[in-house]
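**Student:** Once you've had a glance at the structure underneath, I'll fire off some questions.
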Amino acid sequence: MADKQPFVTHLYTADPSAHVFNGKLYVYPSHDRETDIKNNDNGDQYDMNDYHVFSMDEVGGPVTDHGVALKAEDVPWVSRQLWAPDAAVKNGKYYLYFPARDKDDVFRIGVAVGDKPEGPFKAEPEHIKGTFSVDPAVFVDDDGEAYLYFGGLWGGQLQCYANSSFDKSQLGANEPSTGSALHAKVAKLSDDMLSLASPVSDVVILDPSTSEPIRAEDHARRFFEAAWLHKYNGKYYFSYSTGDTHYLAYAIGDTPLGPFTYGGRILEPVIGWTTHHSIAEFKGKWYLFYHDSSLSGGENHLRSAKIREIVYDEQGKIHLAEPQPK
Ligand code: FUB
């Protein structure tokens with residue numbers, strides 16, 4: 001079976017966050033670009049400096065590139081590396097959340113505001129106070145409460161926060177090799193969507209066979225990066241990348257704050273080191289938005305976003321609608 005084709009081919013696009021706004025499907029990806037920087041565990045090769053927003057009326061139909069929605073040079077606190085973004089709407093305003101390194105080379109999460117889903121977005125002058133690491137994902141629940149999920153290991157710097165305060169010596173390091181795995185983070189967002197409205201807490205993923213948190217050495221199941229939260233049939237699904245084992249996995253919980261119980265894998269490894277996704281319902285079907293490096297011939301930092309349909313079984317487990325080619 002032939003694999004899926006990227007839905008954008010004139011640019012490299014990664015980390016696609018999808019949302020339906022005003023009946024149209026919008027995708028907010030990272031914009032990968034050519035660089036001579038060598039691959040390393042610090043992720044220096046992912047040296048992106050702007051965002052484009054894409055929209056479509058149908059999955060598989062024409063895709064509109066709305067052009068540059070935000071540039072690094074227009075964000076006062078940013079030094080480099082605009083990584084995986086997400087977007088949300090509240091009270092008629094659109095919010096673009098993005099991670100980047102600040103002037104001290106520490107990853108923070110910022111927010112930019114626009115009047116339309118496609119932007120342009122104007123960044124707040126400072127990063128969101130209390131945020132750190134990478135890969136923001138925003139979930140707005142049916143009651144209007146908004147939650148910001150974030151975190152990523154290794155180059156994403158989450159290991160610097162293993163204890164309560166920032167440990168600079170862990171910049172560029174890997175993760176603890178034993179004990180409970182490090183958790184993704186979550187906090188409520190304020191009503192104006194611009195600041196945190198609660199302390200940052202752990203997104204705990206439990207092992208279904210022990211009801212204990214997944215262990216650090218369990219690299220096939222522990223959280224690495226690419227947090228995403230969606231709701232299906234009254235349950236909250238927290239999905240994520242397992243990083244160095246290259247799976248997209250998910251866990252199910254009863255509240256947006258968890259705890260979540262590990263549920264299985266959504267996607268097996270793709271071409272390229274990273275795997276990062278989002279999940280959204282559009283016109284009655286559910287889709288996985290993800291990326292691989294097939295279009296660039298396997299370059300880790302030159303990725304392309306793709307779409308696959310997913311389905312749920314009677315137990316609420318996620319499956320690809322069509323098998324993933326080996
Ligand atoms: O795109 C840069 C980084 O690569 C993202 O933040 C990670 O999730 C990984 O996809």
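Going through the structure tokens in order, the chains are called A, B, and so on, while each chain numbers its residues from 1 and the ligands are numbered from 1 in the order shown.
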For Glu126 (chain A), please output as a PDB file with C-alpha atoms, in the first residue's frame all residues within 8 Å (counting only C-alpha atoms; exclusion window: fewer than 3 positions along the same chain).

**Tutor:**
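Saved result, out_22.pdb, follows:
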```pdb
ATOM      1  CA  PRO A  76      10.901  40.723  21.641  1.00  0.00           C
ATOM      2  CA  TRP A  77      11.819  37.890  24.050  1.00  0.00           C
ATOM      3  CA  GLY A 110       4.802  32.640  24.312  1.00  0.00           C
ATOM      4  CA  LYS A 129       5.190  33.740  33.148  1.00  0.00           C
TER       5      LYS A 129
END
```

**Student:** How would you report the residues lying within 10 Å of ligand 1, as a VMD selection string, if you count only C-alpha atoms and all ligand atoms?

**Tutor:** chain A and resid 13 to 16 29 to 32 43 to 48 81 to 85 98 to 100 133 to 136 150 to 153 155 to 156 224 to 227 240 to 241 243 272 to 277 290 to 292 300 to 303

**Student:** Which residues of region 67-136 of chain A sit at most 8 Å from region 179-199 of chain A, using only C-alpha atoms? Give each one's shortest atom pair and distance in Å (one decimal place), in chain and ascending residue order, as a Markdown table.

**Tutor:**
```
| residue | atom | partner | partner_atom | distance |
| --- | --- | --- | --- | --- |
| A:Lys90 | CA | A:Met193 | CA | 7.8 |
| A:Tyr95 | CA | A:Met193 | CA | 7.6 |
| A:Val111 | CA | A:Leu194 | CA | 6.7 |
| A:Ile128 | CA | A:Ser195 | CA | 5.7 |
| A:Lys129 | CA | A:Ser195 | CA | 6.7 |
| A:Gly130 | CA | A:Leu196 | CA | 7.2 |
```

**Student:** Could you save those same residues with all heavy atoms as a PDB file, in the first residue's frame?

**Tutor:**
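Saved as result-v2.pdb:
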```pdb
ATOM      1  N   LYS A  90     -11.049  32.116  21.717  1.00  0.00           N
ATOM      2  CA  LYS A  90     -11.933  32.411  22.846  1.00  0.00           C
ATOM      3  C   LYS A  90     -12.451  33.830  22.672  1.00  0.00           C
ATOM      4  O   LYS A  90     -11.668  34.741  22.362  1.00  0.00           O
ATOM      5  CB  LYS A  90     -11.178  32.265  24.165  1.00  0.00           C
ATOM      6  CG  LYS A  90     -12.120  32.246  25.361  1.00  0.00           C
ATOM      7  CD  LYS A  90     -11.496  31.577  26.560  1.00  0.00           C
ATOM      8  CE  LYS A  90     -12.459  31.553  27.712  1.00  0.00           C
ATOM      9  NZ  LYS A  90     -11.888  31.025  28.920  1.00  0.00           N
ATOM     10  N   TYR A  95      -5.591  32.779  19.365  1.00  0.00           N
ATOM     11  CA  TYR A  95      -4.350  32.790  20.137  1.00  0.00           C
ATOM     12  C   TYR A  95      -3.394  31.749  19.562  1.00  0.00           C
ATOM     13  O   TYR A  95      -3.773  30.580  19.390  1.00  0.00           O
ATOM     14  CB  TYR A  95      -4.633  32.480  21.607  1.00  0.00           C
ATOM     15  CG  TYR A  95      -5.558  33.508  22.219  1.00  0.00           C
ATOM     16  CD1 TYR A  95      -6.943  33.358  22.134  1.00  0.00           C
ATOM     17  CD2 TYR A  95      -5.060  34.650  22.836  1.00  0.00           C
ATOM     18  CE1 TYR A  95      -7.803  34.317  22.655  1.00  0.00           C
ATOM     19  CE2 TYR A  95      -5.909  35.612  23.361  1.00  0.00           C
ATOM     20  CZ  TYR A  95      -7.278  35.433  23.265  1.00  0.00           C
ATOM     21  OH  TYR A  95      -8.125  36.381  23.774  1.00  0.00           O
ATOM     22  N   VAL A 111       2.749  33.667  23.638  1.00  0.00           N
ATOM     23  CA  VAL A 111       1.426  33.702  23.006  1.00  0.00           C
ATOM     24  C   VAL A 111       1.334  34.964  22.148  1.00  0.00           C
ATOM     25  O   VAL A 111       1.910  36.005  22.485  1.00  0.00           O
ATOM     26  CB  VAL A 111       0.291  33.632  24.064  1.00  0.00           C
ATOM     27  CG1 VAL A 111       0.357  34.743  25.074  1.00  0.00           C
ATOM     28  CG2 VAL A 111      -1.084  33.593  23.395  1.00  0.00           C
ATOM     29  N   ILE A 128       4.971  33.684  28.529  1.00  0.00           N
ATOM     30  CA  ILE A 128       3.954  33.469  29.575  1.00  0.00           C
ATOM     31  C   ILE A 128       4.679  33.103  30.868  1.00  0.00           C
ATOM     32  O   ILE A 128       5.410  32.100  30.921  1.00  0.00           O
ATOM     33  CB  ILE A 128       2.976  32.342  29.170  1.00  0.00           C
ATOM     34  CG1 ILE A 128       2.279  32.679  27.846  1.00  0.00           C
ATOM     35  CG2 ILE A 128       1.948  32.103  30.278  1.00  0.00           C
ATOM     36  CD1 ILE A 128       1.402  31.543  27.296  1.00  0.00           C
ATOM     37  N   LYS A 129       4.492  33.940  31.872  1.00  0.00           N
ATOM     38  CA  LYS A 129       5.190  33.740  33.148  1.00  0.00           C
ATOM     39  C   LYS A 129       4.852  32.358  33.718  1.00  0.00           C
ATOM     40  O   LYS A 129       3.687  31.945  33.711  1.00  0.00           O
ATOM     41  CB  LYS A 129       4.749  34.831  34.125  1.00  0.00           C
ATOM     42  CG  LYS A 129       5.641  35.028  35.293  1.00  0.00           C
ATOM     43  CD  LYS A 129       5.369  36.381  35.944  1.00  0.00           C
ATOM     44  CE  LYS A 129       6.222  36.536  37.183  1.00  0.00           C
ATOM     45  NZ  LYS A 129       5.648  35.990  38.380  1.00  0.00           N
ATOM     46  N   GLY A 130       5.883  31.629  34.152  1.00  0.00           N
ATOM     47  CA  GLY A 130       5.671  30.304  34.755  1.00  0.00           C
ATOM     48  C   GLY A 130       5.808  29.165  33.764  1.00  0.00           C
ATOM     49  O   GLY A 130       5.762  28.000  34.155  1.00  0.00           O
TER      50      GLY A 130
END
```

**Student:** Would you work out the distance separating CA of Tyr247 (chain A) from CA of Pro269 (chain A), expressed in Å to one decimal?

**Tutor:** 5.4 Å

**Student:** List the neighbours of region 280-289 of chain A out to 10 Å using only C-alpha atoms; skip same-chain residues closer than 5 positions along the sequence, and give me the result as a VMD selection string.

**Tutor:** chain A and resid 14 to 20 23 to 25 27 29 57 to 59 229 to 232 266 to 267 305 to 312 320 to 321

**Student:** Skip Glu118 (chain A) itself and residues of its chain fewer than 4 positions away, then list as a count of residues only all residues within 9 Å of it, counting only C-alpha atoms.

**Tutor:** 11

**Student:** Just the number, please: distance in Å from CA of Ser293 (chain A) to CA of Glu34 (chain A), one decimal.

**Tutor:**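 Computed distance, CA of Ser293 (chain A) to CA of Glu34 (chain A), equals 12.9 Å.
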
**Student:** Which distance in Å separates CA of Val63 (chain A) and CA of Val89 (chain A), to one decimal?

**Tutor:**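 So the two atoms, CA of Val63 (chain A) and CA of Val89 (chain A), lie 21.1 Å apart.
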
**Student:** Write out as an MDAnalysis selection string the set of residues from region 92-201 of chain A that DSSP, computed on the backbone, places in strand (DSSP E or B).

**Tutor:** chainID A and resid 93:102 107:114 122:123 137:140 146:150 180 184:189 196 201

**Student:** So that I have them on file, write out the residues from the current selection with C-alpha atoms, as a PDB file, in the first residue's frame.

**Tutor:**
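This is the output file part12.pdb:
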```pdb
ATOM      1  CA  LYS A  93      -9.926  36.301  19.445  1.00  0.00           C
ATOM      2  CA  TYR A  94      -7.435  33.739  18.151  1.00  0.00           C
ATOM      3  CA  TYR A  95      -4.350  32.790  20.137  1.00  0.00           C
ATOM      4  CA  LEU A  96      -1.138  31.263  18.776  1.00  0.00           C
ATOM      5  CA  TYR A  97       0.983  29.531  21.446  1.00  0.00           C
ATOM      6  CA  PHE A  98       4.608  28.840  20.571  1.00  0.00           C
ATOM      7  CA  PRO A  99       7.853  27.712  22.237  1.00  0.00           C
ATOM      8  CA  ALA A 100      11.204  29.370  21.560  1.00  0.00           C
ATOM      9  CA  ARG A 101      14.518  29.988  23.246  1.00  0.00           C
ATOM     10  CA  ASP A 102      14.719  33.237  25.175  1.00  0.00           C
ATOM     11  CA  PHE A 107      12.929  27.469  26.161  1.00  0.00           C
ATOM     12  CA  ARG A 108       9.768  29.358  27.170  1.00  0.00           C
ATOM     13  CA  ILE A 109       6.242  29.496  25.799  1.00  0.00           C
ATOM     14  CA  GLY A 110       4.802  32.640  24.312  1.00  0.00           C
ATOM     15  CA  VAL A 111       1.426  33.702  23.006  1.00  0.00           C
ATOM     16  CA  ALA A 112       0.421  35.932  20.098  1.00  0.00           C
ATOM     17  CA  VAL A 113      -3.073  37.287  19.429  1.00  0.00           C
ATOM     18  CA  GLY A 114      -4.988  37.744  16.175  1.00  0.00           C
ATOM     19  CA  LYS A 122       0.939  39.946  17.405  1.00  0.00           C
ATOM     20  CA  ALA A 123       3.122  38.494  20.135  1.00  0.00           C
ATOM     21  CA  ALA A 137      -0.986  22.347  23.313  1.00  0.00           C
ATOM     22  CA  VAL A 138      -4.167  24.130  24.370  1.00  0.00           C
ATOM     23  CA  PHE A 139      -7.419  22.323  25.111  1.00  0.00           C
ATOM     24  CA  VAL A 140     -10.618  24.306  25.688  1.00  0.00           C
ATOM     25  CA  ALA A 146      -8.733  26.346  28.885  1.00  0.00           C
ATOM     26  CA  TYR A 147      -5.692  24.200  29.724  1.00  0.00           C
ATOM     27  CA  LEU A 148      -2.097  24.562  28.511  1.00  0.00           C
ATOM     28  CA  TYR A 149      -0.075  21.323  28.223  1.00  0.00           C
ATOM     29  CA  PHE A 150       3.656  21.478  27.548  1.00  0.00           C
ATOM     30  CA  SER A 180       9.206   7.584  37.795  1.00  0.00           C
ATOM     31  CA  ALA A 184       4.438  16.536  30.841  1.00  0.00           C
ATOM     32  CA  LYS A 185       3.066  19.681  32.490  1.00  0.00           C
ATOM     33  CA  VAL A 186      -0.372  21.290  32.567  1.00  0.00           C
ATOM     34  CA  ALA A 187      -1.852  24.512  33.930  1.00  0.00           C
ATOM     35  CA  LYS A 188      -5.172  26.306  33.545  1.00  0.00           C
ATOM     36  CA  LEU A 189      -5.136  29.417  31.381  1.00  0.00           C
ATOM     37  CA  LEU A 196      -1.433  30.826  33.738  1.00  0.00           C
ATOM     38  CA  SER A 201       1.106  20.360  37.675  1.00  0.00           C
TER      39      SER A 201
END
```

**Student:** Please extract the residues of region 37-167 of chain A with a backbone DSSP assignment of helix (DSSP H, G or I) and present them as a PyMOL selection string.

**Tutor:** chain A and resi 72-74+154-156+158-161

**Student:** Taking only C-alpha atoms into account, which of A:Leu70, A:Leu206, A:Leu295, A:Ala216 comes nearest Gly263 (chain A)?

**Tutor:**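 Between A:Leu70, A:Leu206, A:Leu295, A:Ala216, the residue approaching Gly263 (chain A) most closely is A:Leu206.
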
**Student:** Can you work out which one of A:Ile279, A:Val203, A:Leu158, A:Ile271 has the shortest atom-to-atom distance to Glu299 (chain A), counting only C-alpha atoms?

**Tutor:**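 Among A:Ile279, A:Val203, A:Leu158, A:Ile271, it is A:Ile271 that comes nearest to Glu299 (chain A).
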